[in-house]
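J.: Got a file for you: target_17.cif, mmCIF, C-alpha atoms.
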```cif
data_start
loop_
_atom_site.label_atom_id
_atom_site.label_comp_id
_atom_site.auth_asym_id
_atom_site.auth_seq_id
_atom_site.Cartn_x
_atom_site.Cartn_y
_atom_site.Cartn_z
CA MET A 1 0.00 0.00 0.00
CA LEU A 2 1.33 3.44 -0.95
CA ASN A 3 2.17 5.62 1.98
CA GLN A 4 1.37 9.29 2.16
CA GLU A 5 4.77 10.40 0.90
CA GLU A 6 4.71 8.16 -2.18
CA SER A 7 1.21 9.23 -3.19
CA ARG A 8 1.97 12.94 -3.25
CA LYS A 9 1.05 14.89 -6.36
CA ASP A 10 4.00 15.05 -8.78
CA LEU A 11 2.43 17.08 -11.64
CA GLY A 12 4.00 14.80 -14.26
CA PHE A 13 7.64 15.80 -13.67
CA GLY A 14 8.37 12.76 -11.54
CA THR A 15 10.58 12.55 -8.46
CA LYS A 16 13.92 11.78 -10.14
CA ILE A 17 14.67 15.32 -11.32
CA THR A 18 17.15 16.32 -8.64
CA SER A 19 19.45 18.75 -10.48
CA GLU A 20 19.71 21.93 -8.46
CA GLN A 21 19.32 25.49 -9.78
CA SER A 22 17.36 24.16 -12.76
CA ARG A 23 13.81 25.35 -13.38
CA LEU A 24 10.98 22.99 -14.23
CA ILE A 25 9.00 25.73 -15.99
CA ASN A 26 10.71 28.55 -17.91
CA LYS A 27 9.75 32.20 -17.53
CA ASP A 28 7.74 32.09 -20.77
CA GLY A 29 5.61 29.24 -19.45
CA SER A 30 7.28 26.51 -21.52
CA PHE A 31 8.64 23.35 -19.92
CA ASN A 32 12.39 23.23 -19.34
CA VAL A 33 12.64 19.90 -21.14
CA ARG A 34 14.66 19.05 -24.25
CA ARG A 35 14.04 15.78 -26.08
CA VAL A 36 17.09 14.05 -27.55
CA GLY A 37 17.51 10.91 -29.61
CA ASP A 38 14.22 11.27 -31.49
CA SER A 39 13.91 11.49 -35.26
CA SER A 40 13.69 14.95 -36.78
CA LEU A 41 10.27 14.16 -38.27
CA ASN A 42 8.82 13.28 -34.87
CA SER A 43 10.45 16.18 -33.04
CA VAL A 44 9.10 18.90 -35.37
CA ASN A 45 5.37 19.56 -35.46
CA TRP A 46 5.17 21.96 -38.38
CA TYR A 47 1.49 22.79 -37.97
CA HIS A 48 2.00 23.65 -34.30
CA ARG A 49 5.12 25.67 -35.14
CA LEU A 50 3.37 27.65 -37.87
CA ILE A 51 0.36 28.29 -35.62
CA THR A 52 2.43 29.50 -32.67
CA PHE A 53 5.12 31.48 -34.56
CA LYS A 54 5.15 35.23 -34.05
CA TRP A 55 3.38 37.05 -36.87
CA THR A 56 6.58 38.62 -38.19
CA LYS A 57 8.31 35.25 -38.34
CA PHE A 58 5.27 33.55 -39.86
CA LEU A 59 4.81 36.15 -42.62
CA GLY A 60 8.55 36.20 -43.31
CA LEU A 61 8.54 32.42 -43.72
CA VAL A 62 5.52 32.55 -46.06
CA PHE A 63 7.10 35.19 -48.30
CA LEU A 64 10.42 33.32 -48.35
CA PHE A 65 8.74 30.04 -49.31
CA TYR A 66 6.68 31.84 -51.99
CA PHE A 67 9.79 33.47 -53.46
CA ILE A 68 11.86 30.25 -53.49
CA LEU A 69 9.01 28.25 -55.05
CA ASN A 70 8.68 30.77 -57.88
CA LEU A 71 12.46 30.70 -58.39
CA ILE A 72 12.30 26.93 -58.82
CA PHE A 73 9.48 26.99 -61.36
CA ALA A 74 10.99 29.95 -63.24
CA SER A 75 14.24 27.98 -63.55
CA LEU A 76 12.28 25.00 -64.92
CA TYR A 77 10.65 27.19 -67.57
CA LEU A 78 14.04 28.57 -68.57
CA LEU A 79 15.49 25.06 -68.65
CA ILE A 80 12.75 23.92 -71.05
CA GLY A 81 13.21 27.05 -73.13
CA VAL A 82 11.87 30.56 -72.82
CA GLU A 83 10.65 30.36 -76.41
CA TYR A 84 7.88 28.04 -75.18
CA LEU A 85 6.40 30.90 -73.15
CA GLU A 86 4.39 32.68 -75.79
CA GLY A 87 3.90 36.38 -75.21
CA ILE A 88 7.29 37.26 -73.76
CA SER A 89 8.33 40.55 -75.28
CA ASN A 90 11.55 42.53 -75.23
CA ASP A 91 9.62 45.79 -75.39
CA HIS A 92 9.56 45.94 -71.58
CA GLN A 93 13.35 45.57 -71.37
CA GLN A 94 12.92 42.87 -68.75
CA HIS A 95 15.18 39.85 -68.49
CA PRO A 96 13.49 36.59 -69.65
CA PHE A 97 14.13 35.06 -66.24
CA TRP A 98 11.94 37.65 -64.53
CA GLU A 99 9.29 37.20 -67.21
CA ALA A 100 9.30 33.49 -66.35
CA PHE A 101 9.34 34.31 -62.62
CA PHE A 102 6.24 36.51 -62.78
CA PHE A 103 4.49 34.02 -65.08
CA SER A 104 5.19 31.42 -62.39
CA ALA A 105 3.68 33.70 -59.73
CA GLN A 106 0.55 34.20 -61.84
CA THR A 107 0.23 30.45 -62.43
CA LEU A 108 0.88 29.53 -58.79
CA THR A 109 -1.85 31.89 -57.59
CA THR A 110 -4.15 31.01 -60.53
CA VAL A 111 -4.36 34.70 -61.50
CA GLY A 112 -3.38 34.17 -65.14
CA TYR A 113 -3.44 37.60 -66.79
CA GLY A 114 -3.19 35.96 -70.23
CA ARG A 115 -0.29 37.94 -71.71
CA ILE A 116 2.06 34.97 -71.43
CA SER A 117 0.86 31.42 -72.09
CA PRO A 118 2.72 28.09 -72.21
CA THR A 119 3.19 26.17 -75.44
CA GLY A 120 4.57 22.69 -75.91
CA PHE A 121 4.01 19.56 -73.86
CA TRP A 122 6.65 20.00 -71.17
CA THR A 123 5.91 23.68 -70.51
CA ASN A 124 2.21 22.94 -70.20
CA ALA A 125 2.96 19.96 -67.94
CA VAL A 126 5.04 22.12 -65.58
CA ALA A 127 2.38 24.87 -65.60
CA ALA A 128 -0.37 22.33 -64.84
CA PHE A 129 1.64 20.87 -61.97
CA GLU A 130 2.39 24.35 -60.62
CA ALA A 131 -1.31 25.24 -60.70
CA LEU A 132 -2.07 22.11 -58.67
CA VAL A 133 0.65 23.02 -56.16
CA GLY A 134 -0.77 26.53 -55.96
CA LEU A 135 -4.28 25.30 -55.18
CA LEU A 136 -2.97 23.03 -52.42
CA LEU A 137 -0.81 25.77 -50.91
CA ILE A 138 -3.65 28.30 -50.95
CA ALA A 139 -5.85 25.81 -49.09
CA LEU A 140 -3.03 25.16 -46.60
CA ALA A 141 -2.34 28.89 -46.08
CA THR A 142 -6.06 29.54 -45.56
CA GLY A 143 -6.20 26.85 -42.90
CA LEU A 144 -3.12 28.24 -41.15
CA LEU A 145 -4.47 31.79 -41.16
CA TYR A 146 -7.81 30.61 -39.80
CA GLY A 147 -6.01 28.59 -37.14
CA ARG A 148 -3.94 31.59 -36.09
CA PHE A 149 -6.91 33.98 -35.93
CA SER A 150 -9.23 31.49 -34.21
CA ARG A 151 -6.66 30.47 -31.60
CA SER A 152 -7.40 32.06 -28.26
CA VAL A 153 -4.17 33.06 -26.52
CA PRO A 154 -4.42 34.69 -23.08
CA ARG A 155 -1.93 37.39 -22.21
CA ILE A 156 -1.81 36.93 -18.46
CA ARG A 157 1.05 38.95 -17.05
CA PHE A 158 2.65 37.82 -13.81
CA SER A 159 4.49 40.03 -11.35
CA GLY A 160 8.24 39.75 -11.67
CA HIS A 161 8.61 38.52 -8.09
CA ALA A 162 6.53 36.66 -5.56
CA LEU A 163 6.51 38.22 -2.10
CA ILE A 164 6.56 36.94 1.45
CA ALA A 165 4.40 39.66 2.97
CA PRO A 166 2.35 40.28 6.12
CA TYR A 167 -1.13 38.82 5.71
CA LEU A 168 -3.75 39.38 8.41
CA ASP A 169 -2.00 38.34 11.66
CA ILE A 170 0.35 35.90 9.87
CA ASN A 171 2.44 36.03 6.70
CA GLY A 172 1.64 34.90 3.18
CA LEU A 173 3.27 34.05 -0.11
CA MET A 174 1.68 36.19 -2.81
CA PHE A 175 2.05 37.18 -6.44
CA ARG A 176 -0.02 39.32 -8.76
CA ILE A 177 -1.52 38.78 -12.23
CA ILE A 178 -3.39 40.89 -14.79
CA HIS A 179 -4.81 40.21 -18.24
CA GLU A 180 -3.24 42.48 -20.84
CA ARG A 181 -5.79 41.91 -23.63
CA ASP A 182 -9.14 43.66 -24.06
CA SER A 183 -10.94 40.32 -24.28
CA GLU A 184 -12.43 39.17 -20.99
CA LEU A 185 -11.56 36.04 -19.05
CA ILE A 186 -14.20 34.46 -16.82
CA ASP A 187 -14.26 31.56 -14.34
CA LEU A 188 -10.57 31.61 -13.45
CA ASP A 189 -9.10 28.74 -11.44
CA VAL A 190 -5.56 28.77 -10.12
CA GLU A 191 -3.38 26.07 -8.58
CA MET A 192 0.03 26.53 -6.97
CA THR A 193 2.41 23.74 -6.04
CA LEU A 194 5.72 23.81 -4.19
CA SER A 195 8.43 21.69 -5.78
CA CYS A 196 11.51 21.03 -3.66
CA LEU A 197 14.21 18.48 -3.00
CA ASP A 198 14.06 16.15 -0.03
CA VAL A 199 16.82 13.94 1.34
CA LEU A 200 15.86 10.33 2.01
CA PRO A 201 17.28 8.35 4.96
CA SER A 202 19.62 6.67 2.46
CA GLY A 203 21.07 10.04 1.57
CA ALA A 204 19.57 10.07 -1.93
CA LYS A 205 17.68 13.16 -3.07
CA THR A 206 14.15 13.05 -4.43
CA ARG A 207 11.84 15.77 -5.64
CA LYS A 208 8.61 16.28 -3.73
CA TYR A 209 5.51 18.30 -4.62
CA TYR A 210 3.28 20.01 -2.07
CA PRO A 211 -0.03 21.60 -3.13
CA LEU A 212 -0.38 25.03 -1.55
CA GLU A 213 -3.77 26.06 -0.24
CA LEU A 214 -4.79 29.49 -1.49
CA GLU A 215 -6.82 32.22 0.14
CA ARG A 216 -8.97 32.21 -3.00
CA SER A 217 -8.49 29.81 -5.91
CA HIS A 218 -11.44 30.87 -8.10
CA VAL A 219 -12.94 34.13 -9.34
CA ASN A 220 -15.87 34.60 -11.70
CA TYR A 221 -14.61 37.80 -13.33
CA PHE A 222 -11.14 39.17 -14.04
CA PRO A 223 -11.45 42.86 -15.03
CA LEU A 224 -8.73 44.09 -12.64
CA ASN A 225 -5.58 42.61 -11.21
CA TRP A 226 -5.66 39.63 -8.84
CA THR A 227 -3.28 39.13 -5.95
CA ILE A 228 -3.09 35.39 -5.28
CA VAL A 229 -2.18 34.55 -1.68
CA HIS A 230 -1.05 31.40 0.08
CA PRO A 231 -1.48 31.95 3.85
CA ILE A 232 1.53 30.56 5.70
CA THR A 233 -0.24 28.81 8.56
CA GLU A 234 1.14 26.08 10.79
CA GLU A 235 -0.14 23.49 8.28
CA SER A 236 1.63 25.17 5.36
CA PRO A 237 4.76 23.53 3.86
CA LEU A 238 6.32 27.01 4.12
CA HIS A 239 5.85 27.22 7.89
CA ASN A 240 9.22 28.18 9.42
CA ALA A 241 10.77 28.32 5.93
CA THR A 242 13.53 30.84 5.27
CA ALA A 243 15.29 32.13 2.18
CA LYS A 244 18.21 29.85 3.07
CA SER A 245 16.04 26.73 3.42
CA LEU A 246 14.30 27.41 0.10
CA ASN A 247 17.70 27.77 -1.56
CA GLU A 248 19.01 24.54 -0.03
CA THR A 249 15.98 22.58 -1.25
CA ASP A 250 15.95 24.24 -4.70
CA ALA A 251 12.36 25.35 -4.16
CA GLU A 252 10.22 26.34 -7.13
CA PHE A 253 6.59 27.43 -7.04
CA LEU A 254 4.67 26.06 -10.03
CA ILE A 255 1.48 27.83 -11.10
CA ILE A 256 -1.23 26.92 -13.58
CA ILE A 257 -4.23 29.11 -14.37
CA ARG A 258 -7.31 27.90 -16.26
CA ALA A 259 -9.99 30.23 -17.57
CA THR A 260 -12.63 30.69 -20.26
CA ASP A 261 -12.10 33.30 -22.96
CA GLU A 262 -15.42 35.11 -23.28
CA THR A 263 -14.79 36.13 -26.91
CA PHE A 264 -14.06 32.64 -28.27
CA MET A 265 -15.83 30.69 -25.47
CA GLN A 266 -12.75 28.48 -25.30
CA GLN A 267 -10.85 27.25 -22.29
CA VAL A 268 -7.37 28.74 -22.08
CA HIS A 269 -4.54 28.25 -19.64
CA ALA A 270 -1.28 29.84 -18.58
CA ARG A 271 1.76 28.37 -16.79
CA TYR A 272 4.36 30.16 -14.75
CA SER A 273 6.83 29.52 -11.95
CA TYR A 274 8.83 31.41 -9.35
CA HIS A 275 12.24 30.02 -8.45
CA HIS A 276 13.44 30.54 -4.90
CA GLU A 277 15.72 33.46 -5.86
CA GLU A 278 12.67 35.29 -7.24
CA ILE A 279 11.00 35.42 -3.82
CA LEU A 280 11.27 38.74 -1.99
CA TRP A 281 11.00 38.59 1.79
CA GLY A 282 9.45 41.46 3.75
CA ALA A 283 7.69 43.29 0.92
CA LYS A 284 4.12 44.21 0.07
CA PHE A 285 2.43 45.09 -3.23
CA GLU A 286 1.27 48.67 -3.81
CA PRO A 287 -2.25 49.27 -5.21
CA MET A 288 -2.29 49.51 -9.00
CA PHE A 289 -5.74 51.00 -9.64
CA ASP A 290 -7.69 54.08 -8.64
CA THR A 291 -11.10 55.60 -9.32
CA SER A 292 -11.40 58.70 -11.49
CA ALA A 293 -13.81 61.57 -10.91
CA GLN A 294 -16.12 60.11 -13.57
CA GLY A 295 -16.35 56.84 -11.64
CA ASN A 296 -14.17 54.80 -13.98
CA ILE A 297 -11.55 52.47 -12.53
CA ALA A 298 -8.08 52.93 -14.01
CA VAL A 299 -5.67 50.00 -13.79
CA ARG A 300 -1.97 50.79 -14.19
CA VAL A 301 -0.64 47.64 -15.84
CA SER A 302 2.95 48.88 -15.58
CA ASP A 303 2.64 48.92 -11.76
CA ILE A 304 2.15 45.16 -11.46
CA ASP A 305 5.64 44.77 -9.91
CA ARG A 306 5.42 47.85 -7.69
CA HIS A 307 5.97 47.01 -4.03
CA ARG A 308 7.35 48.45 -0.82
CA SER A 309 9.13 47.11 2.24
CA ALA A 310 6.96 45.71 5.01
CA SER A 311 7.72 44.12 8.37
CA LEU A 312 6.76 40.46 8.61
CA ASN A 313 4.61 39.16 11.43
CA THR A 314 6.42 37.07 14.00
#
```
Rewrite the coordinates I just gave you, this time as structure tokens.

T.:
Amino acid sequence: MLNQEESRKDLGFGTKITSEQSRLINKDGSFNVRRVGDSSLNSVNWYHRLITFKWTKFLGLVFLFYFILNLIFASLYLLIGVEYLEGISNDHQQHPFWEAFFFSAQTLTTVGYGRISPTGFWTNAVAAFEALVGLLLIALATGLLYGRFSRSVPRIRFSGHALIAPYLDINGLMFRIIHERDSELIDLDVEMTLSCLDVLPSGAKTRKYYPLELERSHVNYFPLNWTIVHPITEESPLHNATAKSLNETDAEFLIIIRATDETFMQQVHARYSYHHEEILWGAKFEPMFDTSAQGNIAVRVSDIDRHRSASLNT
């Protein structure tokens, strides 16, 4: 029968990760895991990559692929013979290669202005194949664009540090979040787990995970900022913890937030973590919103990290 220690929640990282000063979750929310020994085809998910690329990188890749593809087909037309492209004229003082290049672009996109037309079997065969490739690529690009626009991505911003601050008549571990997009998030749930190393009687190290009870783990609406607090009671794993003890156990606080995007009515999530050196002791967050004379509430997003010194309760 499993004892209480063996049945603790491990979040999927396991207990064998004992390297110190190494994060489990990176600052951007990605897992600090690198797969090795797998084939390149299995390790690269092109659809996922193209959906999650930044827009500048995605558009740059599309234009580069479009340019290279037209270079290839233009070279094929020149290899067959430019004389088989009827309508090419020297009146425009344009090199035959560029005439073939722009004919390729018109064929690939099925525009077909009609000034230049292919003659001969091989030229027509290449043009027919290019038109087929163009139709497939247009369908693929349409799907990718739809996937990018229909993908709901929350922009939940976390405070740069988590604080050990006075809370009621005790102390608490707290951090602050805010949604940077205009779209609304509803029904937010948050979980926080302490990951730390523990030394077994044999002297071997193992990683343990302790769920941290929160003052409030669910809110219905999220129009302002939210300060998430773990009260450090006598039952808390952080009771009697110090900055030195967190460093010695390589403590990391793992956070996952689940919510519903009201615009897309899709469930979204965000991951984050605070390593032990990102915990500030004896500090308290400053308010980041105020009410104007017209009754509107102004939230200063840039003040999410603003804090001041505060004496801890003893």

J.: On this file, the PyMOL selection byres ((chain A and resi 190-206) around 7) gives some set of residues; write that set as a list in words.

T.: Thr15, Lys16, Thr18, Leu188, Asp189, Arg207, Lys208, Tyr209, Tyr210, Pro211, Leu212, Ser217, His218, Thr249, Asp250, Ala251, Glu252, Phe253, Leu254, Ile255, Ile256, Ile257 and Arg258 of chain A

J.: Find the residues of region 108-179 of chain A that sit at most 10 Å from region 99-103 of chain A; for each, write down the nearest two atoms and how far apart they are in Å, to one decimal. Count all atoms listed in the file. Sort by chain, then by number going up, and give it as a Markdown table.

T.:
```
| residue | atom | partner | partner_atom | distance |
| --- | --- | --- | --- | --- |
| A:Leu108 | CA | A:Phe103 | CA | 8.5 |
| A:Val111 | CA | A:Phe103 | CA | 9.6 |
| A:Gly112 | CA | A:Phe103 | CA | 7.9 |
| A:Tyr113 | CA | A:Phe103 | CA | 8.9 |
| A:Gly114 | CA | A:Phe103 | CA | 9.4 |
| A:Arg115 | CA | A:Phe103 | CA | 9.1 |
| A:Ile116 | CA | A:Phe103 | CA | 6.9 |
| A:Ser117 | CA | A:Phe103 | CA | 8.3 |
| A:Pro118 | CA | A:Phe103 | CA | 9.4 |
| A:Ala127 | CA | A:Phe103 | CA | 9.4 |
```

J.: Using all atoms listed in the file, can you tell me which of A:Tyr77, A:Phe121, A:Phe285, A:Trp98 comes closest to Pro166 (chain A)?

T.: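 For Pro166 (chain A), the nearest of the candidates is A:Phe285.
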
J.: Give the padded box for region 190-205 of chain A as lines of an AutoDock Vina configuration file: axis-aligned, covering all atoms listed in the file, 3 Å on each side, centre and edge lengths in Å to one decimal.

T.:
```
center_x = 7.8
center_y = 17.7
center_z = -2.6
size_x = 32.6
size_y = 28.1
size_z = 21.1
```

J.: For Leu163 (chain A), find every residue with an atom within 7 Å (counting all atoms listed in the file), except residues of its own chain fewer than 4 positions away, and show them as JSON, numbers by chain.

T.: {"A": [173, 174, 175, 279, 280, 281, 283, 284]}

J.: Generate the missing atoms of region 196-207 of chain A up to all heavy atoms and report them as an mmCIF file, in the frame of the given file.

T.:
```
data_model
loop_
_atom_site.group_PDB
_atom_site.id
_atom_site.type_symbol
_atom_site.label_atom_id
_atom_site.label_comp_id
_atom_site.auth_asym_id
_atom_site.auth_seq_id
_atom_site.Cartn_x
_atom_site.Cartn_y
_atom_site.Cartn_z
ATOM 1 N N CYS A 196 10.247 20.888 -4.389
ATOM 2 C CA CYS A 196 11.510 21.030 -3.660
ATOM 3 C C CYS A 196 12.175 19.669 -3.507
ATOM 4 O O CYS A 196 11.539 18.624 -3.672
ATOM 5 C CB CYS A 196 11.304 21.693 -2.302
ATOM 6 S SG CYS A 196 10.202 20.773 -1.213
ATOM 7 N N LEU A 197 13.454 19.697 -3.197
ATOM 8 C CA LEU A 197 14.210 18.480 -3.000
ATOM 9 C C LEU A 197 14.133 18.030 -1.542
ATOM 10 O O LEU A 197 14.116 18.850 -0.630
ATOM 11 C CB LEU A 197 15.681 18.702 -3.395
ATOM 12 C CG LEU A 197 15.953 19.043 -4.858
ATOM 13 C CD1 LEU A 197 17.444 19.259 -5.088
ATOM 14 C CD2 LEU A 197 15.429 17.963 -5.786
ATOM 15 N N ASP A 198 14.099 16.727 -1.367
ATOM 16 C CA ASP A 198 14.060 16.150 -0.030
ATOM 17 C C ASP A 198 15.130 15.057 0.032
ATOM 18 O O ASP A 198 15.375 14.366 -0.963
ATOM 19 C CB ASP A 198 12.683 15.568 0.255
ATOM 20 C CG ASP A 198 12.504 15.229 1.729
ATOM 21 O OD1 ASP A 198 13.335 15.678 2.532
ATOM 22 O OD2 ASP A 198 11.540 14.510 2.055
ATOM 23 N N VAL A 199 15.773 14.936 1.171
ATOM 24 C CA VAL A 199 16.820 13.940 1.340
ATOM 25 C C VAL A 199 16.241 12.729 2.054
ATOM 26 O O VAL A 199 15.706 12.838 3.166
ATOM 27 C CB VAL A 199 18.019 14.511 2.139
ATOM 28 C CG1 VAL A 199 19.103 13.449 2.287
ATOM 29 C CG2 VAL A 199 18.579 15.745 1.444
ATOM 30 N N LEU A 200 16.349 11.564 1.419
ATOM 31 C CA LEU A 200 15.860 10.330 2.010
ATOM 32 C C LEU A 200 16.823 9.821 3.071
ATOM 33 O O LEU A 200 17.981 10.264 3.125
ATOM 34 C CB LEU A 200 15.682 9.277 0.905
ATOM 35 C CG LEU A 200 14.697 9.634 -0.213
ATOM 36 C CD1 LEU A 200 14.696 8.539 -1.273
ATOM 37 C CD2 LEU A 200 13.308 9.850 0.349
ATOM 38 N N PRO A 201 16.383 8.909 3.946
ATOM 39 C CA PRO A 201 17.280 8.350 4.960
ATOM 40 C C PRO A 201 18.541 7.734 4.351
ATOM 41 O O PRO A 201 19.596 7.701 4.992
ATOM 42 C CB PRO A 201 16.419 7.294 5.651
ATOM 43 C CG PRO A 201 15.020 7.782 5.478
ATOM 44 C CD PRO A 201 14.999 8.436 4.132
ATOM 45 N N SER A 202 18.447 7.264 3.111
ATOM 46 C CA SER A 202 19.620 6.670 2.460
ATOM 47 C C SER A 202 20.607 7.717 1.981
ATOM 48 O O SER A 202 21.714 7.390 1.554
ATOM 49 C CB SER A 202 19.164 5.818 1.272
ATOM 50 O OG SER A 202 18.510 6.624 0.300
ATOM 51 N N GLY A 203 20.222 8.976 2.044
ATOM 52 C CA GLY A 203 21.070 10.040 1.570
ATOM 53 C C GLY A 203 20.774 10.485 0.159
ATOM 54 O O GLY A 203 21.276 11.516 -0.299
ATOM 55 N N ALA A 204 19.944 9.716 -0.560
ATOM 56 C CA ALA A 204 19.570 10.070 -1.930
ATOM 57 C C ALA A 204 18.568 11.220 -1.907
ATOM 58 O O ALA A 204 17.771 11.367 -0.975
ATOM 59 C CB ALA A 204 18.990 8.864 -2.652
ATOM 60 N N LYS A 205 18.600 12.041 -2.961
ATOM 61 C CA LYS A 205 17.680 13.160 -3.070
ATOM 62 C C LYS A 205 16.507 12.782 -3.975
ATOM 63 O O LYS A 205 16.663 12.071 -4.959
ATOM 64 C CB LYS A 205 18.394 14.390 -3.651
ATOM 65 C CG LYS A 205 19.420 15.012 -2.710
ATOM 66 C CD LYS A 205 20.010 16.269 -3.314
ATOM 67 C CE LYS A 205 21.006 16.922 -2.350
ATOM 68 N NZ LYS A 205 21.595 18.162 -2.924
ATOM 69 N N THR A 206 15.347 13.263 -3.618
ATOM 70 C CA THR A 206 14.150 13.050 -4.430
ATOM 71 C C THR A 206 13.363 14.346 -4.454
ATOM 72 O O THR A 206 13.453 15.163 -3.533
ATOM 73 C CB THR A 206 13.290 11.913 -3.848
ATOM 74 O OG1 THR A 206 12.173 11.692 -4.710
ATOM 75 C CG2 THR A 206 12.784 12.253 -2.460
ATOM 76 N N ARG A 207 12.609 14.538 -5.523
ATOM 77 C CA ARG A 207 11.840 15.770 -5.640
ATOM 78 C C ARG A 207 10.410 15.518 -5.156
ATOM 79 O O ARG A 207 9.770 14.551 -5.550
ATOM 80 C CB ARG A 207 11.820 16.268 -7.089
ATOM 81 C CG ARG A 207 11.153 17.633 -7.253
ATOM 82 C CD ARG A 207 11.482 18.259 -8.583
ATOM 83 N NE ARG A 207 12.870 18.681 -8.651
ATOM 84 C CZ ARG A 207 13.334 19.844 -8.181
ATOM 85 N NH1 ARG A 207 12.505 20.686 -7.568
ATOM 86 N NH2 ARG A 207 14.606 20.149 -8.298
#
```
